[in-house]
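Note sheet for the following structure.
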Amino acid sequence: MPLYIVRNDITKMKVDAIVNAANESLLGGGGVDGCIHRAAGPELLEECRTLGGCPTGSAKITKGYRLPAKYVIHTVGPVWHGGGHREKEKLVSCYRSSLELAAAHNCETVAFPLISAGVYRYPKDQAIQVAVDTIGAYLRGHELTVYLVVYDKSSFQIGRERLAGVAAYIDDHYVDVHTDAAAERQRFAALPADPPPCAATAPSRPPQDRSLDEAVEKLDESFSQMLLRKIGEKGMTDAQCYKKANIDRKLFSKIRSDTHYRPSKPTAMAFAVALELPLEEAQELLGKAGFAFSHASKSDIIVEYFIARGNYNIYEINEALFAFDQSLLGG
Ligand code: APR
């Protein structure tokens, strides 16, 4: 199931469980801990008093009381001491034990803050990386919807080198629709006209590469048919594909059962990433849904940046899309 990255106040999230970045006493504090206790009311602290604390890297669960969430999962992140005191291992354990506790209580939706990325001074870009990698790995084998809640934009920083690379690529490729419309029109005018819809035209590559029948057949292929064909060609299972695409099972079932289903552009791009298609084939798959990569769209350029570098990690792509205020892939 998908991982969403959202900007919100976690106490407002209408999910089965929210996770609290607590301290070992479980008796409240500042930051998100303080927000959650204030929103849940005094009964939360009363229940926490019965738990006898919680060691770093572990998690304990209480009711949500006045919160929209049914449960609060309290986990204790590591304090950052430079990285040489098993901080990463403990932080991974926070996410894992919280997810396991949520599953044990039949939660279908869980929201996390960025554990340890505040008072505990874990470097934010590394905190994000651990969160996204650990949650992503867990979701490969479990049906759960997870929200990574970013409270303020400044606390969402991704690796500078990755962000700088993306920013430079956008600068090089972004076509401002207002100033370059004429140039774009000229560029498109120079392209060969699209073949009439059902014309048995020559295949896009020399005939010796593929038979005319096969080319015509692929011309009529719908998005759903091409997607399922590609999944078969890649030797993937449906579940492997939709999880890698950060798409939930229900949406995939709709696409599988309706040959003429028209996905949104982020969904079509998410499957191109999951199938690890090179740009040309990704363009072909998008075309089946009536879309094309456009240099007038920052999100298209960001996805193109990652595909061109052979980086098909959809969570990393979504981190970059989020950082540039673009809609995320999948989900
Ligand atoms: N919703 C979502 N995220 C929030 C909210 C909120 N209402 N308030 C703060 N955050 C974010 C912060 O921006 C930060 O990115 O939560 C992340 C974790 O920061 P902290 O709350 O400071 O938690 P942490 O760094 O793990 O330190 C834990 O701080 O509050 C005390 O009792 C707590 O001693 C413990 C320590």
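Residue numbers start at 1 in each chain; chains themselves are named A, B, ... in the order of the structure tokens; ligands are numbered from 1 in the order shown.
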Review point. Quick one: residues within 10 Å of ligand 1, with only C-alpha atoms and all ligand atoms, as a PyMOL selection string?
Key: chain A and resi 6-13+18-36+39+75-80+91+111-124+127-128+148-156
**Study point:** CA of Arg309 in chain A to CA of Glu284 in chain A, distance in Å rounded to a single decimal
**Key:**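 Calculated distance between CA of Arg309 in chain A and CA of Glu284 in chain A is 18.6 Å.
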With 8 Å as the cut-off and only C-alpha atoms counted, what is the closest atom pair between each nearby residue of range 263-323 of chain A and range 164-177 of chain A? Distances in Å to one decimal, ordered by chain and number, as JSON lines.
```
{"residue": "A:His295", "atom": "CA", "partner": "A:Tyr174", "partner_atom": "CA", "distance": 5.2}
{"residue": "A:Ala296", "atom": "CA", "partner": "A:Val175", "partner_atom": "CA", "distance": 4.8}
{"residue": "A:Ser297", "atom": "CA", "partner": "A:Tyr174", "partner_atom": "CA", "distance": 7.1}
{"residue": "A:Lys298", "atom": "CA", "partner": "A:Tyr174", "partner_atom": "CA", "distance": 6.6}
{"residue": "A:Ile301", "atom": "CA", "partner": "A:Ile170", "partner_atom": "CA", "distance": 6.2}
{"residue": "A:Ile302", "atom": "CA", "partner": "A:Val166", "partner_atom": "CA", "distance": 6.5}
{"residue": "A:Tyr305", "atom": "CA", "partner": "A:Tyr169", "partner_atom": "CA", "distance": 6.9}
{"residue": "A:Ala320", "atom": "CA", "partner": "A:Val166", "partner_atom": "CA", "distance": 7.6}
```
Just to be explicit: take each residue in the selection above, keep N, CA, C and O atoms, and write the result as a short mmCIF file (atom, residue, chain, number, x, y, z; two decimals), in the first residue's frame.
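Just written: part.cif:
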```cif
data_model
loop_
_atom_site.label_atom_id
_atom_site.label_comp_id
_atom_site.auth_asym_id
_atom_site.auth_seq_id
_atom_site.Cartn_x
_atom_site.Cartn_y
_atom_site.Cartn_z
N HIS A 295 8.24 19.59 -20.84
CA HIS A 295 9.21 20.46 -20.16
C HIS A 295 8.54 21.73 -19.67
O HIS A 295 9.20 22.64 -19.18
N ALA A 296 7.24 21.80 -19.79
CA ALA A 296 6.52 22.93 -19.19
C ALA A 296 6.00 22.51 -17.81
O ALA A 296 5.32 23.27 -17.14
N SER A 297 6.37 21.25 -17.40
CA SER A 297 5.91 20.77 -16.09
C SER A 297 7.11 20.37 -15.23
O SER A 297 7.89 19.48 -15.61
N LYS A 298 7.27 21.03 -14.09
CA LYS A 298 8.40 20.74 -13.20
C LYS A 298 8.34 19.29 -12.72
O LYS A 298 9.39 18.62 -12.65
N ILE A 301 9.76 17.06 -15.33
CA ILE A 301 11.22 17.20 -15.44
C ILE A 301 11.92 16.47 -14.29
O ILE A 301 12.92 15.78 -14.48
N ILE A 302 11.32 16.55 -13.10
CA ILE A 302 11.94 15.86 -11.94
C ILE A 302 11.90 14.34 -12.15
O ILE A 302 12.90 13.65 -11.95
N TYR A 305 14.46 13.44 -14.63
CA TYR A 305 15.80 13.51 -14.02
C TYR A 305 16.16 12.16 -13.40
O TYR A 305 17.24 11.61 -13.62
N ALA A 320 11.73 14.35 -3.71
CA ALA A 320 12.13 15.52 -4.53
C ALA A 320 10.88 16.27 -5.00
O ALA A 320 10.82 17.50 -4.94
#
```
Exercise for review: Write out as a ChimeraX atom specification all residues of range 2-64 of chain A that DSSP puts in strand (DSSP E) for this structure's backbone.
Suggested key: /A:3-7,17-22,59-63
